[in-house]
Amino acid sequence: MFGVVVFPGSNCDHDCYHVLKHVLGQPTHFIWHQEESIDPSFKVIVLPGGFSYGDYLRTGAIARFSPVMKAVARFAQNGGIVIGICNGFQILLEARLLPGAMLRNRGLRFICRDVYLRVENTDTVFTNQCASKRVLKIPIAHGEGNYFAPPHVIKELKDNNQIVFRYSGPDGTLDDYNPNGSVENIAGIINKEGNILGMMPHPERASEEILGNTDGLYIFKSLIKAIELHSNTGAVRSVAR
Amino acid sequence: MKAKVYVTLKKGVLDPQGKAVQSGLVHLGFKGIKDVRVGKLIEIELEGLSLEEAQRSLKDMCESLLANTVIEDYHFEIGDAPEKVTERCILSEGKVIA
C-alpha cells in the first residue's frame, strides 16, 4: 500500500495519488501531516512536491518538524521505502534523512521543463525497472534544486553508489546538461541503506500516454516490483552497492 | 530581551542571489564592488530567560531550525535595544569565535 503525505502547501500530492491509484491500480491513501504514526500496512511513503509551509525560511525546513516526519523517520528506520519528489527531496535533506542541502538554482530562475536523467544505479528499489532504459525524460519544476554537499559527502555518495540520477543529455552525456548547478549533475540520491530516495524531477508528471510521456512509470513500476519481491521473500532492501 | 540572528551562506558555497545583486549594482553604475553575499536577519524577542539561558536556547534554535549548517553559518547578538548590545556571541561551525 502506498501513502502520500499531504503537507500544507503540497501541490503534487493528488498527481502522485492519481498515478499510483488510477494509472497503476495500487492501493493508495493520503496521510495528513498531523498524523503521528504510519500504519505498518504501508510499504511506500511518498513525500510529494509543492511548497510546504510556503517554503518559508528554507524549502522543507518547517515541514521537517511536522508530526508525520517523525513517523516517516521511524518508518524508514524499520526498512520502509520512502520517496521524496522535489519538495519531498528538500524535506528529506532538511530532516537529515539524506545528506546535503539545496541552494537556489544557479541561474536564479524557477525552471519548469523536461530534462533527461541518466540512471546511475539500477540496483535499487526505485530503479530496478530501468535496466532497459538508462536515460529517462522527466520534467523538473523548482527554484531550489541546486544540490550541494561538501566534498567528503560527495565522495561517500560516489563510493557507495548513492547517486541514482544525474542530469544528462538525451544520449546520457553529462557535459552542458546541468540545469541548476547541482554538484556532479546530481538529480537524485539514496541513503546508504537504499530505502530512501530523493529526486528533484517529477515522475508523476510523466506517467500517462495522454500527457505524452510515460518515463516516470519506470520508477513507480520499480517500487511495485520491490513490494512484490518483499511480499514474496521478505527482503525489502536492495542495498546500494 | 531582543536577539538578532544572522544567517549567511558559508564561505565557499556559491550564492546565486548575491551574484545577481552584485551584477544589479554594477549595472546601476556602482563602482568598487568586489563581492556580494545575501543572508538573513531574524529578530527574536525573548522573555523570562537569563542571558546564559538565552544564549544556549538561541544556539539550539540556530542548529535545529534557523540555519542549515550544511550550507549556512550563523551568529547572534543579544541585547535589550539594538544600540545597547549587552552580549555578542559569534558562532561559526559550532565554534565560539568571540
# chains A, B, ... in the order shown; residues from 1 in each chain; ligands from 1
>>> closest_atom_pairs(of="chain A", to="chain B", cutoff="8 Å", atoms="only C-alpha atoms", output="CSV")
residue,atom,partner,partner_atom,distance
A:Leu57,CA,B:Leu66,CA,7.4
A:Ala61,CA,B:Leu65,CA,6.8
A:Ile62,CA,B:Leu65,CA,7.8
A:Glu94,CA,B:Asn68,CA,7.5
A:Gly100,CA,B:Val70,CA,6.5
A:Ala101,CA,B:Val70,CA,6.4
A:Leu103,CA,B:Asp15,CA,8.0
A:Arg104,CA,B:Pro16,CA,6.5
A:Asn105,CA,B:Pro16,CA,7.2
A:Arg106,CA,B:Pro16,CA,5.6
A:Gly107,CA,B:Pro16,CA,6.9
A:Leu108,CA,B:Pro16,CA,6.3
A:Phe148,CA,B:Ile71,CA,7.9
A:Ala149,CA,B:Val70,CA,7.2
A:Pro150,CA,B:Val70,CA,7.8
>>> write_last_selection(atoms="all heavy atoms", output="compact mmCIF listing (two decimals), in the first residue's frame")
# COMPACT_ATOMS: atom_id res chain seq x y z
N LEU A 57 11.52 30.31 5.36
CA LEU A 57 12.86 30.11 5.92
C LEU A 57 13.77 29.42 4.91
O LEU A 57 14.69 30.03 4.39
CB LEU A 57 12.82 29.35 7.25
CG LEU A 57 14.08 29.44 8.09
CD1 LEU A 57 14.36 30.86 8.56
CD2 LEU A 57 14.03 28.51 9.28
N ALA A 61 12.20 23.30 5.38
CA ALA A 61 12.71 23.49 6.75
C ALA A 61 11.62 23.34 7.81
O ALA A 61 11.87 22.79 8.88
CB ALA A 61 13.39 24.84 6.88
N ILE A 62 10.43 23.80 7.51
CA ILE A 62 9.36 23.76 8.52
C ILE A 62 8.65 22.41 8.47
O ILE A 62 8.32 21.83 9.49
CB ILE A 62 8.33 24.90 8.30
CG1 ILE A 62 9.03 26.23 8.02
CG2 ILE A 62 7.36 25.00 9.46
CD1 ILE A 62 9.56 26.97 9.20
N GLU A 94 16.42 18.41 4.70
CA GLU A 94 16.31 19.19 5.94
C GLU A 94 16.16 18.27 7.15
O GLU A 94 16.65 18.57 8.23
CB GLU A 94 15.11 20.15 5.86
CG GLU A 94 15.38 21.40 5.02
CD GLU A 94 16.31 22.40 5.71
OE1 GLU A 94 16.45 22.35 6.94
OE2 GLU A 94 16.88 23.26 5.01
N GLY A 100 23.32 16.45 2.53
CA GLY A 100 23.42 17.58 1.62
C GLY A 100 22.35 18.61 1.86
O GLY A 100 21.60 18.55 2.84
N ALA A 101 22.27 19.59 0.94
CA ALA A 101 21.29 20.68 1.05
C ALA A 101 21.03 21.24 -0.33
O ALA A 101 21.78 20.99 -1.27
CB ALA A 101 21.83 21.77 1.97
N LEU A 103 20.54 24.60 -2.75
CA LEU A 103 20.74 26.03 -2.92
C LEU A 103 19.82 26.51 -4.03
O LEU A 103 19.26 25.71 -4.78
CB LEU A 103 22.19 26.30 -3.35
CG LEU A 103 23.28 25.90 -2.37
CD1 LEU A 103 24.64 25.98 -3.04
CD2 LEU A 103 23.25 26.80 -1.14
N ARG A 104 19.67 27.86 -4.10
CA ARG A 104 18.96 28.42 -5.25
C ARG A 104 19.58 27.93 -6.54
O ARG A 104 20.79 27.76 -6.63
CB ARG A 104 19.12 29.96 -5.23
CG ARG A 104 18.26 30.65 -4.22
CD ARG A 104 16.91 30.94 -4.86
NE ARG A 104 16.08 31.65 -3.92
CZ ARG A 104 15.91 32.97 -3.94
NH1 ARG A 104 16.51 33.72 -4.86
NH2 ARG A 104 15.15 33.56 -3.06
N ASN A 105 18.74 27.77 -7.56
CA ASN A 105 19.26 27.41 -8.87
C ASN A 105 20.34 28.40 -9.28
O ASN A 105 20.23 29.60 -9.00
CB ASN A 105 18.14 27.45 -9.92
CG ASN A 105 17.15 26.32 -9.74
OD1 ASN A 105 17.41 25.38 -8.99
ND2 ASN A 105 16.01 26.42 -10.41
N ARG A 106 21.35 27.89 -9.97
CA ARG A 106 22.47 28.73 -10.39
C ARG A 106 21.99 29.99 -11.12
O ARG A 106 22.48 31.07 -10.87
CB ARG A 106 23.38 27.90 -11.32
CG ARG A 106 24.61 28.57 -11.79
CD ARG A 106 25.46 27.62 -12.60
NE ARG A 106 24.65 26.86 -13.56
CZ ARG A 106 25.07 25.78 -14.20
NH1 ARG A 106 26.29 25.32 -13.98
NH2 ARG A 106 24.30 25.15 -15.06
N GLY A 107 21.03 29.84 -12.00
CA GLY A 107 20.55 30.99 -12.77
C GLY A 107 19.46 31.78 -12.08
O GLY A 107 18.87 32.68 -12.67
N LEU A 108 19.13 31.43 -10.85
CA LEU A 108 18.12 32.08 -10.01
C LEU A 108 16.68 31.88 -10.48
O LEU A 108 15.76 32.22 -9.77
CB LEU A 108 18.36 33.60 -9.90
CG LEU A 108 19.49 34.03 -8.98
CD1 LEU A 108 19.55 35.55 -8.93
CD2 LEU A 108 19.29 33.49 -7.56
N PHE A 148 23.83 20.63 -3.16
CA PHE A 148 25.16 20.90 -2.63
C PHE A 148 25.47 19.96 -1.47
O PHE A 148 24.61 19.67 -0.64
CB PHE A 148 25.27 22.35 -2.12
CG PHE A 148 26.59 22.63 -1.45
CD1 PHE A 148 27.69 23.04 -2.18
CD2 PHE A 148 26.73 22.45 -0.07
CE1 PHE A 148 28.91 23.25 -1.57
CE2 PHE A 148 27.95 22.67 0.55
CZ PHE A 148 29.04 23.07 -0.20
N ALA A 149 26.69 19.47 -1.44
CA ALA A 149 27.19 18.75 -0.27
C ALA A 149 28.69 18.93 -0.27
O ALA A 149 29.31 19.10 -1.34
CB ALA A 149 26.82 17.27 -0.34
N PRO A 150 29.30 18.95 0.92
CA PRO A 150 30.75 19.11 0.97
C PRO A 150 31.46 17.93 0.30
O PRO A 150 30.89 16.84 0.20
CB PRO A 150 31.05 19.17 2.47
CG PRO A 150 29.81 18.80 3.18
CD PRO A 150 28.67 18.87 2.23
>>> residues_around(residues="Gly216 in chain A", least_positions_apart="2", cutoff="8 Å", atoms="only C-alpha atoms", output="ChimeraX atom specification")
/A:136-138,202-207,213-214,218-220
>>> write_last_selection(atoms="all heavy atoms", output="compact mmCIF listing (two decimals), in the first residue's frame")
# COMPACT_ATOMS: atom_id res chain seq x y z
N LEU A 136 16.06 8.65 -18.83
CA LEU A 136 14.64 8.95 -18.72
C LEU A 136 14.40 10.43 -19.01
O LEU A 136 15.22 11.27 -18.65
CB LEU A 136 14.12 8.64 -17.31
CG LEU A 136 14.36 7.24 -16.74
CD1 LEU A 136 13.86 7.17 -15.30
CD2 LEU A 136 13.67 6.19 -17.59
N LYS A 137 13.26 10.71 -19.63
CA LYS A 137 12.86 12.12 -19.82
C LYS A 137 11.76 12.43 -18.81
O LYS A 137 10.68 11.85 -18.86
CB LYS A 137 12.36 12.35 -21.24
CG LYS A 137 12.07 13.83 -21.51
CD LYS A 137 11.74 14.09 -22.97
CE LYS A 137 10.27 13.87 -23.23
NZ LYS A 137 9.88 14.25 -24.60
N ILE A 138 12.07 13.31 -17.88
CA ILE A 138 11.12 13.63 -16.80
C ILE A 138 11.22 15.13 -16.52
O ILE A 138 12.31 15.68 -16.54
CB ILE A 138 11.48 12.79 -15.54
CG1 ILE A 138 11.21 11.30 -15.81
CG2 ILE A 138 10.68 13.25 -14.33
CD1 ILE A 138 11.45 10.39 -14.64
N HIS A 202 10.00 15.19 -11.50
CA HIS A 202 8.65 14.76 -11.12
C HIS A 202 8.19 13.57 -11.97
O HIS A 202 7.57 13.77 -13.02
CB HIS A 202 7.66 15.90 -11.35
CG HIS A 202 7.75 17.00 -10.35
ND1 HIS A 202 7.05 16.99 -9.17
CD2 HIS A 202 8.48 18.14 -10.35
CE1 HIS A 202 7.32 18.09 -8.48
NE2 HIS A 202 8.19 18.80 -9.17
N PRO A 203 8.42 12.34 -11.54
CA PRO A 203 7.95 11.20 -12.34
C PRO A 203 6.43 11.15 -12.48
O PRO A 203 5.92 10.64 -13.48
CB PRO A 203 8.48 9.98 -11.56
CG PRO A 203 8.75 10.46 -10.18
CD PRO A 203 9.09 11.91 -10.30
N GLU A 204 5.72 11.70 -11.48
CA GLU A 204 4.24 11.64 -11.53
C GLU A 204 3.68 12.53 -12.64
O GLU A 204 2.51 12.42 -12.99
CB GLU A 204 3.64 12.01 -10.17
CG GLU A 204 3.58 13.49 -9.83
CD GLU A 204 4.92 14.08 -9.39
OE1 GLU A 204 5.94 13.38 -9.47
OE2 GLU A 204 4.95 15.26 -8.99
N ARG A 205 4.52 13.43 -13.17
CA ARG A 205 4.05 14.29 -14.26
C ARG A 205 4.37 13.66 -15.62
O ARG A 205 4.18 14.29 -16.66
CB ARG A 205 4.71 15.66 -14.17
CG ARG A 205 4.33 16.42 -12.93
CD ARG A 205 4.83 17.85 -13.00
NE ARG A 205 4.60 18.51 -11.72
CZ ARG A 205 4.89 19.77 -11.49
NH1 ARG A 205 5.42 20.53 -12.44
NH2 ARG A 205 4.66 20.30 -10.30
N ALA A 206 4.95 12.46 -15.59
CA ALA A 206 5.33 11.81 -16.85
C ALA A 206 4.93 10.36 -16.77
O ALA A 206 5.75 9.46 -16.93
CB ALA A 206 6.84 11.96 -17.06
N SER A 207 3.65 10.12 -16.50
CA SER A 207 3.22 8.74 -16.26
C SER A 207 1.95 8.36 -17.00
O SER A 207 1.28 7.40 -16.64
CB SER A 207 3.02 8.52 -14.75
OG SER A 207 4.26 8.52 -14.08
N ASN A 213 4.17 11.31 -22.24
CA ASN A 213 5.43 10.82 -21.68
C ASN A 213 5.11 9.86 -20.54
O ASN A 213 4.36 10.21 -19.62
CB ASN A 213 6.25 12.01 -21.16
CG ASN A 213 7.61 11.60 -20.62
OD1 ASN A 213 7.98 10.42 -20.61
ND2 ASN A 213 8.37 12.59 -20.17
N THR A 214 5.69 8.66 -20.61
CA THR A 214 5.43 7.69 -19.55
C THR A 214 6.72 7.22 -18.86
O THR A 214 6.73 6.21 -18.18
CB THR A 214 4.67 6.46 -20.09
OG1 THR A 214 5.42 5.92 -21.18
CG2 THR A 214 3.27 6.81 -20.55
N TYR A 218 8.63 4.09 -15.01
CA TYR A 218 9.74 3.18 -14.69
C TYR A 218 10.04 3.21 -13.19
O TYR A 218 10.39 2.19 -12.60
CB TYR A 218 11.00 3.57 -15.47
CG TYR A 218 10.95 3.17 -16.91
CD1 TYR A 218 10.47 4.05 -17.89
CD2 TYR A 218 11.35 1.90 -17.31
CE1 TYR A 218 10.40 3.68 -19.22
CE2 TYR A 218 11.29 1.52 -18.64
CZ TYR A 218 10.82 2.41 -19.59
OH TYR A 218 10.75 2.03 -20.91
N ILE A 219 9.90 4.36 -12.59
CA ILE A 219 10.20 4.49 -11.16
C ILE A 219 9.08 3.88 -10.32
O ILE A 219 9.34 3.08 -9.42
CB ILE A 219 10.45 5.97 -10.82
CG1 ILE A 219 11.77 6.40 -11.48
CG2 ILE A 219 10.51 6.20 -9.31
CD1 ILE A 219 11.95 7.87 -11.66
N PHE A 220 7.83 4.22 -10.65
CA PHE A 220 6.72 3.68 -9.87
C PHE A 220 6.62 2.15 -10.04
O PHE A 220 6.32 1.43 -9.10
CB PHE A 220 5.41 4.36 -10.25
CG PHE A 220 5.39 5.83 -9.91
CD1 PHE A 220 5.27 6.79 -10.90
CD2 PHE A 220 5.52 6.25 -8.59
CE1 PHE A 220 5.27 8.14 -10.58
CE2 PHE A 220 5.51 7.59 -8.26
CZ PHE A 220 5.39 8.54 -9.26
>>> select_by_dssp(residues="range 17-204 of chain A", states="strand (DSSP E or B)", output="ChimeraX atom specification")
/A:28-32,44-47,50,81-85,101-103,111-119,135-142,146-148,163-168,186-190,196-199
>>> residues_around(residues="Gln90 in chain A", least_positions_apart="5", cutoff="7 Å", atoms="only C-alpha atoms", output="ChimeraX atom specification")
/A:59-60,102
>>> select_by_dssp(residues="range 3-98 of chain B", states="helix (DSSP H, G or I)", output="PyMOL selection string")
chain B and resi 16-27+51-66
>>> write_last_selection(atoms="N, CA, C and O atoms", output="short mmCIF file (atom, residue, chain, number, x, y, z; two decimals), in the first residue's frame")
data_model
loop_
_atom_site.label_atom_id
_atom_site.label_comp_id
_atom_site.auth_asym_id
_atom_site.auth_seq_id
_atom_site.Cartn_x
_atom_site.Cartn_y
_atom_site.Cartn_z
N PRO B 16 24.02 32.31 -5.54
CA PRO B 16 23.48 32.86 -6.79
C PRO B 16 22.76 34.19 -6.58
O PRO B 16 22.85 35.10 -7.42
N GLN B 17 22.09 34.34 -5.43
CA GLN B 17 21.36 35.57 -5.15
C GLN B 17 22.34 36.75 -5.00
O GLN B 17 22.12 37.83 -5.53
N GLY B 18 23.42 36.49 -4.27
CA GLY B 18 24.46 37.52 -4.10
C GLY B 18 25.04 37.94 -5.43
O GLY B 18 25.24 39.13 -5.70
N LYS B 19 25.27 36.95 -6.29
CA LYS B 19 25.84 37.24 -7.63
C LYS B 19 24.88 38.10 -8.44
O LYS B 19 25.31 39.03 -9.14
N ALA B 20 23.58 37.80 -8.33
CA ALA B 20 22.58 38.58 -9.09
C ALA B 20 22.51 40.00 -8.57
O ALA B 20 22.43 40.97 -9.34
N VAL B 21 22.55 40.17 -7.23
CA VAL B 21 22.51 41.51 -6.64
C VAL B 21 23.76 42.28 -7.06
O VAL B 21 23.70 43.46 -7.41
N GLN B 22 24.90 41.58 -7.04
CA GLN B 22 26.15 42.21 -7.43
C GLN B 22 26.07 42.73 -8.86
O GLN B 22 26.41 43.89 -9.13
N SER B 23 25.56 41.89 -9.75
CA SER B 23 25.50 42.33 -11.14
C SER B 23 24.50 43.47 -11.29
O SER B 23 24.71 44.39 -12.08
N GLY B 24 23.42 43.47 -10.48
CA GLY B 24 22.46 44.58 -10.49
C GLY B 24 23.13 45.89 -10.06
O GLY B 24 22.93 46.94 -10.69
N LEU B 25 23.92 45.81 -9.01
CA LEU B 25 24.60 47.01 -8.51
C LEU B 25 25.59 47.54 -9.54
O LEU B 25 25.68 48.75 -9.78
N VAL B 26 26.30 46.62 -10.19
CA VAL B 26 27.28 47.02 -11.21
C VAL B 26 26.56 47.69 -12.38
O VAL B 26 26.96 48.73 -12.88
N HIS B 27 25.40 47.09 -12.77
CA HIS B 27 24.64 47.68 -13.87
C HIS B 27 24.12 49.07 -13.54
O HIS B 27 23.92 49.91 -14.40
N LEU B 51 20.63 35.60 30.57
CA LEU B 51 21.45 35.78 29.38
C LEU B 51 22.04 34.45 28.92
O LEU B 51 22.05 34.12 27.74
N GLU B 52 22.50 33.69 29.93
CA GLU B 52 23.13 32.41 29.60
C GLU B 52 22.12 31.44 28.98
O GLU B 52 22.41 30.76 28.00
N GLU B 53 20.92 31.41 29.59
CA GLU B 53 19.87 30.54 29.04
C GLU B 53 19.50 30.96 27.62
O GLU B 53 19.28 30.12 26.74
N ALA B 54 19.44 32.27 27.42
CA ALA B 54 19.08 32.79 26.10
C ALA B 54 20.12 32.38 25.07
O ALA B 54 19.78 31.95 23.96
N GLN B 55 21.38 32.48 25.45
CA GLN B 55 22.46 32.10 24.53
C GLN B 55 22.34 30.63 24.13
O GLN B 55 22.44 30.27 22.97
N ARG B 56 22.11 29.80 25.16
CA ARG B 56 22.03 28.37 24.90
C ARG B 56 20.83 28.06 24.00
O ARG B 56 20.91 27.31 23.04
N SER B 57 19.71 28.71 24.35
CA SER B 57 18.50 28.49 23.59
C SER B 57 18.65 28.94 22.14
O SER B 57 18.24 28.25 21.21
N LEU B 58 19.27 30.10 21.95
CA LEU B 58 19.46 30.62 20.58
C LEU B 58 20.36 29.69 19.77
O LEU B 58 20.11 29.46 18.58
N LYS B 59 21.38 29.18 20.41
CA LYS B 59 22.28 28.27 19.71
C LYS B 59 21.49 27.04 19.23
O LYS B 59 21.61 26.63 18.07
N ASP B 60 20.63 26.51 20.13
CA ASP B 60 19.79 25.36 19.76
C ASP B 60 18.85 25.70 18.61
O ASP B 60 18.65 24.90 17.69
N MET B 61 18.25 26.90 18.70
CA MET B 61 17.33 27.33 17.63
C MET B 61 18.05 27.37 16.29
O MET B 61 17.53 26.93 15.27
N CYS B 62 19.27 27.92 16.32
CA CYS B 62 20.04 28.04 15.07
C CYS B 62 20.38 26.67 14.52
O CYS B 62 20.21 26.41 13.33
N GLU B 63 20.84 25.81 15.41
CA GLU B 63 21.29 24.48 14.96
C GLU B 63 20.13 23.63 14.45
O GLU B 63 20.29 22.82 13.54
N SER B 64 18.94 23.80 15.08
CA SER B 64 17.84 22.90 14.72
C SER B 64 16.95 23.44 13.61
O SER B 64 16.38 22.66 12.85
N LEU B 65 16.82 24.75 13.51
CA LEU B 65 15.89 25.28 12.51
C LEU B 65 16.40 26.49 11.73
O LEU B 65 16.34 26.52 10.51
N LEU B 66 16.89 27.50 12.46
CA LEU B 66 17.12 28.79 11.79
C LEU B 66 18.20 28.73 10.72
O LEU B 66 18.12 29.43 9.72
#
>>> residues_around(residues="Met1 in chain B", least_positions_apart="4", cutoff="9 Å", atoms="only C-alpha atoms", output="PyMOL selection string")
chain B and resi 44-49+51+54+78-81
>>> write_last_selection(atoms="all heavy atoms", output="compact mmCIF listing (two decimals), in the first residue's frame")
# COMPACT_ATOMS: atom_id res chain seq x y z
N ILE B 44 14.30 38.01 17.24
CA ILE B 44 13.54 37.19 18.18
C ILE B 44 13.43 37.93 19.51
O ILE B 44 14.43 38.43 20.03
CB ILE B 44 14.22 35.82 18.40
CG1 ILE B 44 14.32 35.07 17.06
CG2 ILE B 44 13.46 34.98 19.42
CD1 ILE B 44 15.04 33.75 17.15
N GLU B 45 12.20 38.06 20.02
CA GLU B 45 12.01 38.63 21.36
C GLU B 45 11.92 37.51 22.36
O GLU B 45 11.14 36.57 22.19
CB GLU B 45 10.74 39.49 21.39
CG GLU B 45 10.99 40.87 20.83
CD GLU B 45 10.00 41.89 21.37
OE1 GLU B 45 9.90 42.00 22.62
OE2 GLU B 45 9.32 42.51 20.55
N LEU B 46 12.70 37.61 23.41
CA LEU B 46 12.73 36.55 24.42
C LEU B 46 12.25 37.13 25.74
O LEU B 46 12.37 38.34 25.98
CB LEU B 46 14.17 36.04 24.59
CG LEU B 46 14.83 35.46 23.34
CD1 LEU B 46 16.34 35.47 23.48
CD2 LEU B 46 14.33 34.05 23.08
N GLU B 47 11.71 36.26 26.58
CA GLU B 47 11.37 36.73 27.92
C GLU B 47 11.55 35.61 28.93
O GLU B 47 11.47 34.43 28.60
CB GLU B 47 9.95 37.29 27.98
CG GLU B 47 8.86 36.30 27.63
CD GLU B 47 7.47 36.92 27.69
OE1 GLU B 47 7.35 38.14 27.88
OE2 GLU B 47 6.51 36.16 27.53
N GLY B 48 11.84 36.02 30.17
CA GLY B 48 11.94 35.07 31.27
C GLY B 48 13.19 34.21 31.23
O GLY B 48 13.24 33.15 31.86
N LEU B 49 14.19 34.62 30.47
CA LEU B 49 15.42 33.83 30.38
C LEU B 49 16.61 34.65 30.86
O LEU B 49 16.66 35.86 30.66
CB LEU B 49 15.69 33.40 28.93
CG LEU B 49 14.68 32.51 28.22
CD1 LEU B 49 15.13 32.29 26.78
CD2 LEU B 49 14.52 31.19 28.92
N LEU B 51 20.63 35.60 30.57
CA LEU B 51 21.45 35.78 29.38
C LEU B 51 22.04 34.45 28.92
O LEU B 51 22.05 34.12 27.74
CB LEU B 51 22.58 36.78 29.69
CG LEU B 51 23.34 37.32 28.48
CD1 LEU B 51 22.41 37.99 27.50
CD2 LEU B 51 24.41 38.29 28.95
N ALA B 54 19.44 32.27 27.42
CA ALA B 54 19.08 32.79 26.10
C ALA B 54 20.12 32.38 25.07
O ALA B 54 19.78 31.95 23.96
CB ALA B 54 18.94 34.31 26.15
N ILE B 78 22.60 39.48 21.38
CA ILE B 78 21.50 39.59 22.34
C ILE B 78 21.61 40.96 23.01
O ILE B 78 22.68 41.36 23.45
CB ILE B 78 21.60 38.50 23.43
CG1 ILE B 78 21.64 37.12 22.78
CG2 ILE B 78 20.42 38.61 24.39
CD1 ILE B 78 21.93 36.00 23.77
N GLY B 79 20.50 41.68 23.07
CA GLY B 79 20.53 42.98 23.73
C GLY B 79 19.13 43.50 23.91
O GLY B 79 18.21 43.08 23.22
N ASP B 80 18.93 44.44 24.86
CA ASP B 80 17.60 44.98 25.11
C ASP B 80 17.20 45.95 24.01
O ASP B 80 16.04 46.09 23.68
CB ASP B 80 17.55 45.67 26.49
CG ASP B 80 17.61 44.62 27.60
OD1 ASP B 80 17.15 43.49 27.35
OD2 ASP B 80 18.13 44.91 28.67
N ALA B 81 18.16 46.66 23.49
CA ALA B 81 17.89 47.57 22.39
C ALA B 81 19.03 47.42 21.39
O ALA B 81 20.15 47.12 21.78
CB ALA B 81 17.82 49.01 22.90
